[in-house]
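Trainee: Right, I'll just put the structure down here and ask away after.
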Amino acid sequence: MRVLLPFLASASLLAQLPSSTAPGPKVQETPLRAHLAFLADDLLEGRGTGQRGAELTVRYLETQLQSLGLSPAQGHTYRQPVSLLGLQTLVGRSTLSFLGGGACTTPKFGPEIVFGAGVAKAEQTFDAPVVFVGYGIDAPEYQWNDYKGLDVRGKILLMLVNEPAPTAVEPGLFDGANLSAYGRWTTKFEMAARHGATGVLLIHTTPSASYGWSVVRNGWDAERFSLAQGPVGAPLEGWVTEDLAKALVTLAGKELEALRAAAQQRGFQPVPLELTLKGTLHSTVRTVAQFNVAGVVPGTDPALKEELLIYSAHWDHLGKGGALAADSHPEPGGDTIYNGAVDNASGCAALLAMAQVARHAPAKRSQMFLFVCAEEQGLLGSKAYAAAPLWPLAKTAANLNLDSLNFVAPTRDIGLPFGDRSTLGELGAAVAMASGLSVGASRPDTSGGYFRSDHYSFVQAGVPALSVGGGRDYLGADGPALKAKAAAYGKRYHQVTDEYDPSWDLRGMVQQTQFTFDLGQAIANAATRPAFKAAR
Ligand SMILES: [Zn+2]
């Protein structure tokens, strides 16, 4: 094990840094950059689920695995089919109106409201009362129930996103400063459907959702997917802007602020509003086969090769939109392709670059390079994998996931978010030290990052897993400028502007990839397997 590098100042040392100082095979920048540039190219049309770009991406990934010499993970094929249900709102043929206080309002789809079917029905009509149900949380372990005796059948539930804040008396309420599973919007839809509600409308605010309205809107303008075998949703699902929510509640003779305040209390009671939703919803309905892509580097140890380490990255992004996005960088005429260069062409490129190295330096345990589909649709590909694994989960030692890598600069640190929930954190810290890296301080997970990438599907399936994060302590003459460059990505997240720039300094990406690979080698060669520590 090498000692921590002292402060690095000279340019020559900086230039050397991206190659890990740990011994062992090295990930190369050239293939990583080439894969990244290709996968983020307009030709791939944003790798949209159910779109042509998806077929091209899958074909590319399996070709690469084959040419690198990896074994197909399943018989003779690198593909694992995942059957998805696709639903898209036919906006021109769908209208929702709200009647209250003798007035009627019909909000605009897109700027004010987005909605779609949660069930496989091409045509639905609604005439239903609206009830405000606070955060829409039913959490027995916190003795919290916003539904309290309400029969939600035939009703539209209007609710807040996120969750009530912890208090001085209850600092651990809903996992304290972290967002708990109850605060996730997906959980709210699932819970409302389980209770039998006719519809759910979530009230957006940027702080509570952790992203702006445009991110919500981009998700609902397009076709939305769920697992074909998965649980069904409520007949109507959607989001409203905060301004529209205020207007609707006012129409019903109430104030949103008062309702929001009441919702912070455990004693909150559902509030029926003097408001009726009427309308028609037309949707396209189809089932479509998507694919996870996986190749294996067999282990070398006669016994341990039966066990597996999985590296994963999602290959899908948001695809090609129907309309020109408002933000038309870089083409002045507009852009319709959500390239997803950072999210997550970067992770796929990293996996391919690692597979290239692993092929010639196998470890004791077997290693799988798994490219999952439909992450942006709710981790569907990794959920499908966990439900029908290509290798027994009981013999799967760990999962290291990569999603949206560092495209800014090399760093002094590396991220091991939620590493403390298993022994992966300690192992990662040791590998970091051997590579001359510190582990970035963990921060409260206010936006639910824990649930928002594919490692979570493995955690739920009982496999220790984490997404290796990029560092934040940038090496370079102008630290604040590099930090600003990283922060500016927030504006490009899930927008057409998440595009590859050939001028990117990829040394940080190589560093993050190398670290992931080194950690993977440590796991794949260790005498014992990683284990969970805390509640998952
Ligand atoms: Zn994403």
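By order in the structure tokens, chains are A, B, ...; within a chain, residues start at 1; ligands start at 1, following the order shown.
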Using only C-alpha atoms and all ligand atoms, what does the table of chain A residues within 8 Å of ligand 1 look like, with each row giving the shortest atom pair and its distance in Å to one decimal, sorted by chain and ascending number, as a tab-separated table?

Mentor:
```
residue	atom	partner	partner_atom_place_in_ligand_line	distance
A:His317	CA	ligand 1	1 (Zn)	6.4
A:Leu318	CA	ligand 1	1 (Zn)	7.9
A:Gly340	CA	ligand 1	1 (Zn)	7.6
A:Asp343	CA	ligand 1	1 (Zn)	5.3
A:Asn344	CA	ligand 1	1 (Zn)	7.0
A:Glu375	CA	ligand 1	1 (Zn)	7.4
A:Glu376	CA	ligand 1	1 (Zn)	5.3
A:Ser404	CA	ligand 1	1 (Zn)	7.9
A:Tyr493	CA	ligand 1	1 (Zn)	7.4
A:His494	CA	ligand 1	1 (Zn)	6.1
```

Trainee: Using the chain letters and numbers from this document, which residues of range 284-466 of chain A does DSSP assign to helix (DSSP H, G or I), as a PyMOL selection string?

Mentor: chain A and resi 304-306+341-360+380-387+393-395+419-421+424-434+449-451+455-460

Trainee: Using only C-alpha atoms, find the one residue out of A:Thr63, A:Gln290, A:Gln229, A:Ser457 that sits nearest to Gln80 in chain A.

Mentor: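 Of A:Thr63, A:Gln290, A:Gln229, A:Ser457, the one nearest Gln80 in chain A, counting only C-alpha atoms, is A:Gln290.
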
Trainee: Go through A:Trp185, A:Phe532, A:Phe515, A:Tyr78 and flag the residue nearest Ala398 in chain A, using only C-alpha atoms for the distances.

Mentor: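 Counting only C-alpha atoms, the residue closest to Ala398 in chain A is A:Phe532.
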
Trainee: Kindly indicate which residue among A:Asn292, A:Asn406, A:Thr396, A:Thr287 lies nearest to Asp505 in chain A, using only C-alpha atoms for the distances.

Mentor: A:Asn406
